[in-house]
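Peer 1: Sharing query25.cif (mmCIF, C-alpha atoms) below.
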data_start
#
loop_
_atom_site.label_atom_id
_atom_site.label_comp_id
_atom_site.auth_asym_id
_atom_site.auth_seq_id
_atom_site.Cartn_x
_atom_site.Cartn_y
_atom_site.Cartn_z
CA MET A 95 275.07 17.40 163.18
CA ASN A 96 273.68 18.65 159.88
CA ALA A 97 270.26 17.27 160.80
CA PHE A 98 270.40 19.14 164.12
CA VAL A 99 271.35 22.38 162.33
CA ASN A 100 268.54 21.92 159.81
CA ARG A 101 265.97 21.27 162.56
CA THR A 102 267.19 24.34 164.48
CA ARG A 103 266.97 26.47 161.34
CA THR A 104 263.43 25.21 160.72
CA TYR A 105 262.37 26.09 164.27
CA LEU A 106 263.82 29.58 163.92
CA ILE A 107 261.93 30.14 160.67
CA LEU A 108 258.67 29.02 162.30
CA ILE A 109 259.24 31.31 165.30
CA MET A 110 260.01 34.28 163.04
CA ALA A 111 256.88 33.61 160.97
CA THR A 112 254.76 33.43 164.11
CA LEU A 113 256.22 36.73 165.36
CA ALA A 114 255.56 38.34 161.98
CA ILE A 115 251.91 37.29 162.05
CA SER A 116 251.57 38.53 165.63
CA CYS A 117 253.10 41.90 164.77
CA LYS A 118 250.84 42.28 161.77
CA SER A 119 247.72 41.67 163.88
CA THR A 120 248.56 44.58 166.20
CA GLY A 121 249.10 47.15 163.48
CA ASP A 122 247.29 50.46 163.07
CA LYS A 123 244.39 49.00 161.08
CA PRO A 124 241.25 47.85 162.90
CA GLU A 125 241.65 44.24 163.95
CA GLY A 126 237.93 43.46 163.65
CA PRO A 127 235.42 42.61 166.34
CA ALA A 128 236.67 40.13 168.90
CA GLN A 129 234.57 37.96 171.16
CA GLY A 130 232.03 39.92 173.14
CA GLY A 131 232.10 42.92 170.79
CA TRP A 132 235.65 44.06 171.61
CA ILE A 133 237.70 45.69 168.85
CA THR A 134 241.17 47.28 168.70
CA VAL A 135 241.72 50.43 166.61
CA THR A 136 244.11 53.36 166.38
CA GLY A 137 242.85 56.93 166.16
CA ILE A 138 244.89 59.71 164.60
CA ALA A 139 244.84 63.47 165.10
CA ALA A 140 246.93 66.43 164.04
CA ILE A 141 249.06 68.23 166.63
CA GLN A 142 248.26 71.93 166.43
CA ASN A 143 250.59 74.51 168.00
CA GLY A 144 252.26 71.79 170.06
CA ASN A 145 249.05 71.09 172.04
CA LEU A 146 249.47 67.40 172.85
CA GLY A 147 246.48 67.30 175.22
CA LEU A 148 244.05 68.46 172.56
CA ALA A 149 245.63 66.13 169.98
CA LYS A 150 245.23 63.16 172.36
CA ASP A 151 241.53 63.99 172.93
CA GLU A 152 240.87 64.26 169.20
CA ALA A 153 242.76 61.03 168.45
CA LEU A 154 240.70 59.26 171.13
CA LYS A 155 237.47 60.52 169.52
CA ASP A 156 238.73 59.32 166.14
CA ALA A 157 239.49 55.88 167.60
CA LYS A 158 235.99 55.61 169.05
CA ARG A 159 234.47 56.56 165.70
CA LEU A 160 236.59 53.93 163.94
CA ALA A 161 235.55 51.26 166.44
CA VAL A 162 231.86 52.03 165.94
CA GLN A 163 232.22 52.16 162.15
CA GLU A 164 233.96 48.77 162.08
CA VAL A 165 231.16 47.10 164.03
CA LEU A 166 228.57 48.98 161.97
CA GLY A 167 230.07 47.61 158.75
CA SER A 168 229.87 44.02 159.94
CA LEU A 169 226.26 44.45 161.11
CA VAL A 170 225.08 46.13 157.90
CA SER A 171 226.73 43.49 155.71
CA ALA A 172 224.53 40.88 157.39
CA ARG A 173 221.31 42.73 156.42
CA THR A 174 219.50 43.13 153.09
CA ASP A 175 217.14 45.95 154.07
CA VAL A 176 219.67 48.80 154.26
CA LYS A 177 219.43 50.86 151.06
CA ASN A 178 221.30 54.01 152.13
CA PHE A 179 224.50 53.09 153.97
CA GLN A 180 225.71 56.70 154.05
CA LEU A 181 222.61 57.82 155.95
CA VAL A 182 222.98 54.90 158.39
CA SER A 183 226.66 55.72 158.87
CA GLN A 184 225.91 59.39 159.55
CA LYS A 185 223.23 58.52 162.12
CA VAL A 186 225.40 55.97 163.91
CA THR A 187 228.61 58.02 163.83
CA SER A 188 226.84 61.05 165.30
CA LYS A 189 226.11 58.90 168.36
CA SER A 190 229.49 57.09 168.48
CA GLU A 191 230.46 58.34 171.95
CA GLY A 192 227.33 56.81 173.45
CA MET A 193 227.78 53.53 171.58
CA ILE A 194 231.06 52.68 173.33
CA GLU A 195 230.18 50.61 176.41
CA THR A 196 233.73 50.69 177.77
CA PHE A 197 237.27 51.10 176.45
CA GLU A 198 240.92 50.81 177.44
CA ILE A 199 243.74 52.98 176.10
CA LEU A 200 246.53 50.63 175.01
CA SER A 201 248.94 53.34 173.90
CA ALA A 202 248.99 57.09 173.34
CA SER A 203 251.90 59.04 171.88
CA ALA A 204 253.05 61.60 169.34
CA VAL A 205 254.54 59.72 166.39
CA SER A 206 255.91 62.95 164.89
CA ASP A 207 255.80 66.70 165.44
CA VAL A 208 252.45 66.88 163.65
CA GLU A 209 250.65 63.57 164.36
CA TYR A 210 249.33 61.90 167.50
CA HIS A 211 248.12 58.28 167.78
CA VAL A 212 245.84 56.70 170.38
CA LYS A 213 245.30 52.95 170.31
CA ILE A 214 242.29 51.60 172.19
CA LYS A 215 240.51 48.36 172.89
CA ALA A 216 236.79 49.14 172.95
CA LYS A 217 233.55 47.28 173.50
CA VAL A 218 230.89 48.57 171.14
CA SER A 219 227.15 48.21 171.81
CA GLU A 220 225.78 46.18 168.92
CA ALA A 221 222.28 46.58 170.36
CA MET A 222 222.44 50.39 170.08
CA ILE A 223 223.80 50.21 166.52
CA ASN A 224 221.06 47.78 165.49
CA GLU A 225 218.46 50.10 167.05
CA THR A 226 219.76 53.04 164.99
CA ILE A 227 219.85 50.91 161.82
CA ALA A 228 216.23 49.93 162.45
CA GLU A 229 215.25 53.60 162.79
CA VAL A 230 216.84 54.47 159.44
CA VAL A 231 215.32 51.43 157.69
CA ALA A 232 211.89 52.42 159.01
CA SER A 233 212.27 55.89 157.48
CA GLN A 234 213.51 54.71 154.06
CA GLY A 235 211.21 55.77 151.25
CA LYS A 236 209.44 58.29 153.47
CA PRO A 237 209.94 62.03 152.95
CA ARG A 238 211.68 64.24 155.50
CA MET A 239 209.01 66.36 157.16
CA MET A 240 208.46 69.70 158.84
CA VAL A 241 205.31 70.92 160.64
CA LEU A 242 204.01 74.49 161.00
CA VAL A 243 200.67 74.98 162.76
CA ASP A 244 199.00 78.24 163.78
CA GLU A 245 197.40 77.39 167.14
CA SER A 246 194.89 79.25 169.28
CA PHE A 247 192.94 78.55 172.46
CA ASN A 248 189.75 80.48 173.15
CA GLY A 249 190.63 82.93 170.39
CA LYS A 250 194.13 83.72 171.67
CA SER A 251 197.44 82.50 170.26
CA ASP A 252 198.55 79.33 172.05
CA PRO A 253 202.35 79.07 172.53
CA ASN A 254 202.10 75.51 173.87
CA LYS A 255 202.04 74.05 170.34
CA ILE A 256 199.87 71.09 171.36
CA ALA A 257 198.85 70.13 167.82
CA GLN A 258 202.32 70.53 166.32
CA THR A 259 203.93 68.44 169.06
CA GLU A 260 201.30 65.70 168.76
CA LEU A 261 201.56 65.61 164.95
CA GLU A 262 205.34 65.28 165.11
CA ALA A 263 205.13 62.51 167.73
CA GLN A 264 202.58 60.50 165.76
CA PHE A 265 204.37 60.84 162.40
CA ILE A 266 207.71 59.91 164.00
CA ALA A 267 206.04 56.82 165.46
CA GLN A 268 205.07 55.93 161.86
CA GLY A 269 208.73 56.07 160.81
CA PHE A 270 208.79 59.51 159.16
CA PRO A 271 212.07 61.43 159.52
CA PHE A 272 211.90 65.06 160.61
CA VAL A 273 214.03 68.15 160.12
CA ASP A 274 216.29 68.77 163.12
CA LYS A 275 214.51 70.93 165.76
CA SER A 276 217.42 73.36 166.12
CA THR A 277 217.26 73.99 162.35
CA VAL A 278 213.52 74.66 162.54
CA GLU A 279 213.99 77.08 165.46
CA LYS A 280 216.59 79.09 163.54
CA ILE A 281 214.39 79.29 160.45
CA VAL A 282 211.33 80.31 162.48
CA ALA A 283 213.33 83.04 164.22
CA LYS A 284 214.45 84.71 160.98
CA ASN A 285 211.43 84.06 158.72
CA ARG A 286 208.41 85.14 160.78
CA ARG A 287 206.84 87.14 157.94
CA LYS A 288 207.27 84.29 155.46
CA ILE A 289 205.86 81.81 157.99
CA ALA A 290 202.83 84.05 158.52
CA SER A 291 202.28 84.02 154.74
CA ALA A 292 202.60 80.23 154.64
CA LEU A 293 200.11 79.79 157.48
CA SER A 294 197.64 82.10 155.73
CA GLY A 295 197.66 79.93 152.61
CA ASP A 296 200.70 80.97 150.55
CA ASN A 297 202.08 77.66 149.26
CA SER A 298 205.11 79.28 147.63
CA ALA A 299 206.14 80.72 151.02
CA ALA A 300 205.69 77.28 152.57
CA LYS A 301 207.85 75.75 149.84
CA SER A 302 210.59 78.34 150.44
CA ILE A 303 210.63 77.58 154.17
CA GLY A 304 210.79 73.86 153.46
CA VAL A 305 213.71 74.30 151.06
CA ASP A 306 215.66 76.33 153.65
CA ALA A 307 215.00 73.68 156.29
CA GLY A 308 215.94 70.73 154.07
CA ALA A 309 212.44 69.23 154.25
CA GLU A 310 210.85 67.26 151.44
CA ILE A 311 207.26 67.86 152.51
CA ILE A 312 205.81 70.41 154.92
CA LEU A 313 202.56 70.17 156.88
CA VAL A 314 200.97 73.60 157.26
CA GLY A 315 197.69 74.48 158.89
CA SER A 316 195.74 75.64 161.92
CA SER A 317 194.43 74.32 165.21
CA ARG A 318 191.50 76.14 166.80
CA VAL A 319 190.57 75.03 170.33
CA LYS A 320 187.83 76.53 172.48
CA GLU A 321 185.69 75.88 175.51
CA ALA A 322 182.09 75.11 174.54
CA GLY A 323 180.64 75.50 178.05
CA LYS A 324 179.85 73.11 180.86
CA ILE A 325 178.03 69.87 180.23
CA ALA A 326 174.56 69.95 181.81
CA GLY A 327 174.39 68.38 185.25
CA SER A 328 178.17 68.11 185.73
CA GLN A 329 181.31 70.11 186.39
CA LEU A 330 182.86 68.93 183.11
CA ILE A 331 183.78 71.45 180.43
CA SER A 332 183.30 70.48 176.80
CA VAL A 333 186.46 71.42 174.89
CA GLN A 334 186.31 71.44 171.09
CA ALA A 335 189.27 71.26 168.66
CA ASP A 336 189.23 71.85 164.90
CA LEU A 337 192.36 70.94 162.94
CA ASN A 338 193.02 71.84 159.29
CA LEU A 339 196.18 70.74 157.48
CA ARG A 340 197.59 70.74 153.97
CA VAL A 341 200.65 68.74 152.90
CA ILE A 342 202.93 70.53 150.43
CA ASP A 343 205.46 68.78 148.20
CA ILE A 344 208.61 70.90 148.43
CA ASN A 345 209.86 69.74 145.03
CA THR A 346 206.79 71.03 143.17
CA GLY A 347 205.32 73.55 145.62
CA LYS A 348 201.93 71.92 145.13
CA ILE A 349 199.51 70.46 147.69
CA LEU A 350 200.04 66.71 147.94
CA THR A 351 197.00 66.14 150.13
CA ALA A 352 194.91 67.94 152.76
CA GLY A 353 192.40 67.23 155.48
CA GLN A 354 190.48 68.48 158.46
CA GLU A 355 189.22 66.86 161.64
CA HIS A 356 187.17 67.72 164.73
CA GLY A 357 187.80 66.49 168.25
CA ALA A 358 185.91 67.02 171.51
CA TYR A 359 186.75 66.09 175.07
CA PRO A 360 184.99 66.69 178.39
CA HIS A 361 187.23 67.57 181.34
CA ILE A 362 187.00 69.42 184.60
CA ASN A 363 190.13 71.36 183.58
CA ALA A 364 189.94 73.27 180.28
CA GLU A 365 193.67 73.05 179.53
CA SER A 366 193.73 69.27 180.03
CA GLY A 367 190.58 68.98 177.95
CA ALA A 368 192.32 70.95 175.17
CA VAL A 369 195.22 68.50 175.05
CA ASN A 370 192.89 65.51 174.77
CA ALA A 371 190.58 67.19 172.24
CA VAL A 372 193.56 67.97 170.00
CA LYS A 373 194.80 64.37 170.26
CA LYS A 374 191.35 63.11 169.24
CA ALA A 375 191.50 65.34 166.16
CA VAL A 376 195.13 64.54 165.29
CA THR A 377 194.86 60.73 165.33
CA PRO A 378 192.26 60.18 162.55
CA LEU A 379 193.69 63.04 160.49
CA ARG A 380 197.20 61.62 160.76
CA GLU A 381 195.90 58.22 159.64
CA LYS A 382 194.36 59.79 156.52
CA LEU A 383 197.43 61.86 155.72
CA VAL A 384 199.83 58.94 156.17
CA THR A 385 197.74 56.84 153.77
CA ASP A 386 197.72 59.65 151.19
CA ILE A 387 201.42 60.47 151.55
CA VAL A 388 202.53 56.84 151.23
CA LYS A 389 200.29 56.42 148.17
CA LEU A 390 201.19 59.70 146.45
CA TRP A 391 204.82 60.13 147.43
CA ASP A 392 207.15 58.03 145.29
CA ILE A 393 210.78 58.30 146.30
CA ASN A 394 211.87 56.93 142.89
CA ARG A 395 209.86 59.39 140.81
CA GLY A 396 211.60 61.60 138.31
CA ASN A 397 212.61 64.85 139.98
CA THR A 398 214.01 67.93 138.33
CA ILE A 399 217.05 68.97 140.38
CA THR A 400 218.90 72.22 139.79
CA LEU A 401 222.64 71.49 139.74
CA LEU A 402 224.98 74.49 140.03
CA ILE A 403 228.51 73.59 138.89
CA THR A 404 231.54 75.84 139.39
CA GLY A 405 235.18 75.48 138.38
CA LEU A 406 234.71 74.02 134.88
CA ASP A 407 235.28 75.62 131.49
CA TYR A 408 232.77 74.92 128.71
CA GLU A 409 234.70 71.99 127.23
CA LYS A 410 234.94 70.14 130.55
CA LEU A 411 231.31 70.98 131.26
CA MET A 412 230.35 69.15 128.05
CA VAL A 413 232.30 66.10 129.22
CA LEU A 414 230.56 66.18 132.58
CA ARG A 415 227.10 66.49 131.01
CA GLY A 416 227.77 63.39 128.92
CA GLU A 417 229.05 61.39 131.89
CA LEU A 418 226.08 62.33 134.06
CA THR A 419 223.71 60.45 131.75
CA GLU A 420 226.16 57.63 130.98
CA LYS A 421 227.61 56.86 134.41
CA VAL A 422 225.23 58.17 137.07
CA ARG A 423 222.44 55.70 137.67
CA GLY A 424 219.01 57.36 137.78
CA VAL A 425 219.86 60.38 135.60
CA LYS A 426 217.39 60.54 132.71
CA ALA A 427 218.39 63.83 131.12
CA VAL A 428 220.60 66.87 131.67
CA ASN A 429 219.41 70.22 130.38
CA PRO A 430 221.76 73.23 130.36
CA LYS A 431 220.19 76.44 131.67
CA GLY A 432 223.04 78.87 131.13
CA SER A 433 226.69 79.44 132.03
CA ALA A 434 229.00 82.35 132.81
CA GLY A 435 232.75 81.97 133.11
CA LYS A 436 233.35 78.79 135.07
CA ALA A 437 229.85 78.59 136.56
CA ALA A 438 226.98 76.71 134.96
CA LYS A 439 223.41 75.83 135.83
CA LEU A 440 222.01 72.44 134.84
CA GLU A 441 218.58 70.91 135.31
CA VAL A 442 218.93 67.18 135.98
CA GLU A 443 215.99 64.83 135.57
CA PHE A 444 216.74 62.22 138.21
CA GLU A 445 214.98 59.21 139.76
CA GLY A 446 215.45 60.10 143.40
CA SER A 447 216.17 63.04 145.67
CA SER A 448 218.94 65.61 145.47
CA PHE A 449 220.55 63.83 148.45
CA ASP A 450 220.65 60.60 146.43
CA LEU A 451 222.14 62.50 143.47
CA ALA A 452 224.86 63.97 145.70
CA ASP A 453 225.81 60.46 146.85
CA ARG A 454 226.00 59.15 143.28
CA LEU A 455 228.07 62.09 142.00
CA LEU A 456 230.73 61.01 144.48
CA THR A 457 230.56 57.27 143.79
CA SER A 458 229.90 56.88 140.06
CA GLY A 459 233.49 57.13 138.81
CA LEU A 460 233.21 60.46 136.99
CA SER A 461 236.44 61.54 135.29
CA ILE A 462 235.91 65.04 136.73
CA LYS A 463 236.06 64.84 140.50
CA LEU A 464 233.48 66.96 142.29
CA LYS A 465 233.21 68.46 145.75
CA ILE A 466 229.63 68.68 147.03
CA GLY A 467 228.44 71.95 148.56
CA ASP A 468 224.91 72.78 149.71
CA VAL A 469 222.29 70.06 149.25
CA LYS A 470 218.62 71.03 149.37
CA PRO A 471 215.49 69.09 148.42
CA ASN A 472 215.46 70.28 144.81
CA ALA A 473 218.88 71.88 144.42
CA LEU A 474 222.51 70.90 144.66
CA ASP A 475 225.79 72.85 144.49
CA ALA A 476 229.04 71.23 143.37
CA SER A 477 232.52 72.39 142.37
CA ALA A 478 235.39 70.77 140.48
CA LYS A 479 238.29 69.69 142.69
#
Kindly return the structure encoded in the file as structure tokens.
Peer 2:
Amino acid sequence: MNAFVNRTRTYLILIMATLAISCKSTGDKPEGPAQGGWITVTGIAAIQNGNLGLAKDEALKDAKRLAVQEVLGSLVSARTDVKNFQLVSQKVTSKSEGMIETFEILSASAVSDVEYHVKIKAKVSEAMINETIAEVVASQGKPRMMVLVDESFNGKSDPNKIAQTELEAQFIAQGFPFVDKSTVEKIVAKNRRKIASALSGDNSAAKSIGVDAGAEIILVGSSRVKEAGKIAGSQLISVQADLNLRVIDINTGKILTAGQEHGAYPHINAESGAVNAVKKAVTPLREKLVTDIVKLWDINRGNTITLLITGLDYEKLMVLRGELTEKVRGVKAVNPKGSAGKAAKLEVEFEGSSFDLADRLLTSGLSIKLKIGDVKPNALDASAK
């Protein structure tokens, strides 16, 4: 009888342990990728003004983001060529909706008056994530670019932007990242006078535009296309294109490299001939500029970055200055440039970009916790939490 009781007790303990393990595996934390790329996660959203529908939508979006991020983490951990995980994460997360092949809502409910949970089982496209990772890896070590070209056809301003479009396409194909087009459009709309100055040769104006756009280098120049008359004995029109470009380093405001190229193309249609003539000029010039940029641009060079700190008194500012050189990898020196009240301006000599510095300020274990504000190619704003 005692043996039977002991065996029964043992079975009950085993059953309870099995149930405990099963319950733990279906908790709120991501369960990890299953076979075929499936993963189970729970998204959370705040309930605002009792709007459960909106809260459910936001919790579903959060769950999709979590699913993509979980798969992303496992894929990145298997690679050795990813140097900037934050940039990869931003790129992938911005496309998270499109990276979910299919999903099933397992549960959706308000867990309190202020919080809504949606649990989903989702199949994430590893192929799309790997494609985005490859794009970021290809752009690592290459400066973020912006292109401004003054274009004319037969002496009149050409709104078609043939040269600018072709330059952007060819540099992107070489793995160079570009400033977002919507950002460029906004800057062009409100800085027409400054852009005119940049196009006429004012490098300081070009630098200012690049800073506003978040570019690291800016290509500025002109494209002059014209018909040179019909070719003897045919109906073909000779179309000539002359392209002049200078590449400006936004950090220094100086010309990094420059070049010019001529292209000609015979065509029965002048507009079509213009497109091809410009392409013939862009290709060899782009090859030269890429060679020069890769050779002259060193992403690990020492940059001087202006760091504006707010929310610290002088004593805490001294502590922060010491920790910047001691704890933040890549910081060579910190030079104070003045302070007023709880605002101070520092010049930081740093091996990398201001975007790299922003990342390291958040991850280097500083005793004074900082909140990052605006980040520009040679400037960074931060405040004490």
Peer 1: Counting all atoms listed in the file, which residues have an atom no more than 10 Å from (189.0, 75.7, 167.7) in the file's coordinates? Please list them as a list in words.
Peer 2: Glu245, Ser246, Phe247, Asn248, Gly249, Ser316, Ser317, Arg318, Val319, Lys320, Glu321, Ala322, Val333, Gln334, Ala335, Asp336, Leu337, His356, Gly357, Ala358, Ala368, Ala371 and Val372 of chain A
Peer 1: Would you write out those residues with C-alpha atoms, as a tab-separated table (two decimals), in the frame of the given file?
Peer 2:
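Resulting contents of out20.tsv:
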chain	number	residue	atom	x	y	z
A	245	GLU	CA	197.40	77.39	167.14
A	246	SER	CA	194.89	79.25	169.28
A	247	PHE	CA	192.94	78.55	172.46
A	248	ASN	CA	189.75	80.48	173.15
A	249	GLY	CA	190.63	82.93	170.39
A	316	SER	CA	195.74	75.64	161.92
A	317	SER	CA	194.43	74.32	165.21
A	318	ARG	CA	191.50	76.14	166.80
A	319	VAL	CA	190.57	75.03	170.33
A	320	LYS	CA	187.83	76.53	172.48
A	321	GLU	CA	185.69	75.88	175.51
A	322	ALA	CA	182.09	75.11	174.54
A	333	VAL	CA	186.46	71.42	174.89
A	334	GLN	CA	186.31	71.44	171.09
A	335	ALA	CA	189.27	71.26	168.66
A	336	ASP	CA	189.23	71.85	164.90
A	337	LEU	CA	192.36	70.94	162.94
A	356	HIS	CA	187.17	67.72	164.73
A	357	GLY	CA	187.80	66.49	168.25
A	358	ALA	CA	185.91	67.02	171.51
A	368	ALA	CA	192.32	70.95	175.17
A	371	ALA	CA	190.58	67.19	172.24
A	372	VAL	CA	193.56	67.97	170.00
Peer 1: So, with all atoms listed in the file as the atoms that count, which of A:Gly353, A:Pro471, A:Gly137, A:Gly308 lies closest to Tyr210 in chain A?
Peer 2: A:Gly137
Peer 1: Can you list, as a count of residues only, every protein, DNA or RNA residue that comes within 8 Å of Asn297 in chain A when you count all atoms listed in the file, leaving out same-chain residues fewer than 5 positions away?
Peer 2: 5
Peer 1: Fewer than 3 positions away in the same chain doesn't count, so skip those; otherwise give me all residues within 10 Å of Ser294 in chain A, counting all atoms listed in the file, as a PyMOL selection string.
Peer 2: chain A and resi 244+288-291+297+299-300+314-316
Peer 1: Just the residues within 9 Å of range 459-465 of chain A, please, counting only C-alpha atoms, with nothing from its chain fewer than 2 positions along; format it as a list in words.
Peer 2: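 With the cut-off at 9 Å, the set is Ile403, Lys410, Val413, Leu414, Glu417, Leu418, Lys421, Val422, Arg454, Leu455, Leu456, Thr457, Gly467, Asp475, Ala476, Ser477, Ala478 and Lys479 of chain A.
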Peer 1: Might you spell out which residues the PyMOL selection byres ((chain A and resi 362) around 7) would select in the displayed file, as a PyMOL selection string?
Peer 2: chain A and resi 329-331+361+363-364
Peer 1: Please determine, counting all atoms listed in the file, which residue among A:Asn145, A:Ser366, A:Ser458, A:Gln258 has the shortest atom-to-atom distance to Asn338 in chain A.
Peer 2: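 So, comparing all the options, the nearest one is A:Gln258.
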Peer 1: On this file, the PyMOL selection byres ((chain A and resi 163) around 10) gives some set of residues; write that set as a VMD selection string.
Peer 2: chain A and resid 157 to 162 164 to 169 183 to 184 186 to 187 190 218 223
Peer 1: With C-alpha atoms retained, write the just-selected residues as a PDB file, in the frame of the given file.
Peer 2:
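So the final result, stored in selection_30.pdb, reads:
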ATOM      1  CA  ALA A 157     239.490  55.880 167.600  1.00  0.00           C
ATOM      2  CA  LYS A 158     235.990  55.610 169.050  1.00  0.00           C
ATOM      3  CA  ARG A 159     234.470  56.560 165.700  1.00  0.00           C
ATOM      4  CA  LEU A 160     236.590  53.930 163.940  1.00  0.00           C
ATOM      5  CA  ALA A 161     235.550  51.260 166.440  1.00  0.00           C
ATOM      6  CA  VAL A 162     231.860  52.030 165.940  1.00  0.00           C
ATOM      7  CA  GLU A 164     233.960  48.770 162.080  1.00  0.00           C
ATOM      8  CA  VAL A 165     231.160  47.100 164.030  1.00  0.00           C
ATOM      9  CA  LEU A 166     228.570  48.980 161.970  1.00  0.00           C
ATOM     10  CA  GLY A 167     230.070  47.610 158.750  1.00  0.00           C
ATOM     11  CA  SER A 168     229.870  44.020 159.940  1.00  0.00           C
ATOM     12  CA  LEU A 169     226.260  44.450 161.110  1.00  0.00           C
ATOM     13  CA  SER A 183     226.660  55.720 158.870  1.00  0.00           C
ATOM     14  CA  GLN A 184     225.910  59.390 159.550  1.00  0.00           C
ATOM     15  CA  VAL A 186     225.400  55.970 163.910  1.00  0.00           C
ATOM     16  CA  THR A 187     228.610  58.020 163.830  1.00  0.00           C
ATOM     17  CA  SER A 190     229.490  57.090 168.480  1.00  0.00           C
ATOM     18  CA  VAL A 218     230.890  48.570 171.140  1.00  0.00           C
ATOM     19  CA  ILE A 223     223.800  50.210 166.520  1.00  0.00           C
TER      20      ILE A 223
END
Peer 1: May I ask which of the residues A:Met240, A:Ala149, A:Val273, A:Val135 is the closest one to Lys215 in chain A, counting only C-alpha atoms?
Peer 2: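 Going through A:Met240, A:Ala149, A:Val273, A:Val135 one by one, the smallest distance to Lys215 in chain A is for A:Val135.
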Peer 1: What residues come out when you apply the PyMOL selection byres ((chain A and resi 272) around 12) to this file, written as a PDB file with C-alpha atoms, in the frame of the given file?
Peer 2:
ATOM      1  CA  VAL A 230     216.840  54.470 159.440  1.00  0.00           C
ATOM      2  CA  SER A 233     212.270  55.890 157.480  1.00  0.00           C
ATOM      3  CA  LYS A 236     209.440  58.290 153.470  1.00  0.00           C
ATOM      4  CA  PRO A 237     209.940  62.030 152.950  1.00  0.00           C
ATOM      5  CA  ARG A 238     211.680  64.240 155.500  1.00  0.00           C
ATOM      6  CA  MET A 239     209.010  66.360 157.160  1.00  0.00           C
ATOM      7  CA  MET A 240     208.460  69.700 158.840  1.00  0.00           C
ATOM      8  CA  VAL A 241     205.310  70.920 160.640  1.00  0.00           C
ATOM      9  CA  LEU A 261     201.560  65.610 164.950  1.00  0.00           C
ATOM     10  CA  GLU A 262     205.340  65.280 165.110  1.00  0.00           C
ATOM     11  CA  ALA A 263     205.130  62.510 167.730  1.00  0.00           C
ATOM     12  CA  GLN A 264     202.580  60.500 165.760  1.00  0.00           C
ATOM     13  CA  PHE A 265     204.370  60.840 162.400  1.00  0.00           C
ATOM     14  CA  ILE A 266     207.710  59.910 164.000  1.00  0.00           C
ATOM     15  CA  ALA A 267     206.040  56.820 165.460  1.00  0.00           C
ATOM     16  CA  GLN A 268     205.070  55.930 161.860  1.00  0.00           C
ATOM     17  CA  GLY A 269     208.730  56.070 160.810  1.00  0.00           C
ATOM     18  CA  PHE A 270     208.790  59.510 159.160  1.00  0.00           C
ATOM     19  CA  PRO A 271     212.070  61.430 159.520  1.00  0.00           C
ATOM     20  CA  VAL A 273     214.030  68.150 160.120  1.00  0.00           C
ATOM     21  CA  ASP A 274     216.290  68.770 163.120  1.00  0.00           C
ATOM     22  CA  LYS A 275     214.510  70.930 165.760  1.00  0.00           C
ATOM     23  CA  SER A 276     217.420  73.360 166.120  1.00  0.00           C
ATOM     24  CA  THR A 277     217.260  73.990 162.350  1.00  0.00           C
ATOM     25  CA  VAL A 278     213.520  74.660 162.540  1.00  0.00           C
ATOM     26  CA  GLY A 304     210.790  73.860 153.460  1.00  0.00           C
ATOM     27  CA  ALA A 307     215.000  73.680 156.290  1.00  0.00           C
ATOM     28  CA  GLY A 308     215.940  70.730 154.070  1.00  0.00           C
ATOM     29  CA  ALA A 309     212.440  69.230 154.250  1.00  0.00           C
ATOM     30  CA  GLU A 310     210.850  67.260 151.440  1.00  0.00           C
ATOM     31  CA  ILE A 311     207.260  67.860 152.510  1.00  0.00           C
ATOM     32  CA  ILE A 312     205.810  70.410 154.920  1.00  0.00           C
ATOM     33  CA  LEU A 313     202.560  70.170 156.880  1.00  0.00           C
TER      34      LEU A 313
END
Peer 1: I'd like the neighbourhood of Asp207 in chain A as an MDAnalysis selection string, where a residue qualifies if any of its atoms comes within 10 Å (using all atoms listed in the file), though same-chain residues fewer than 4 positions away should be ignored.
Peer 2: chainID A and resid 140:144 146
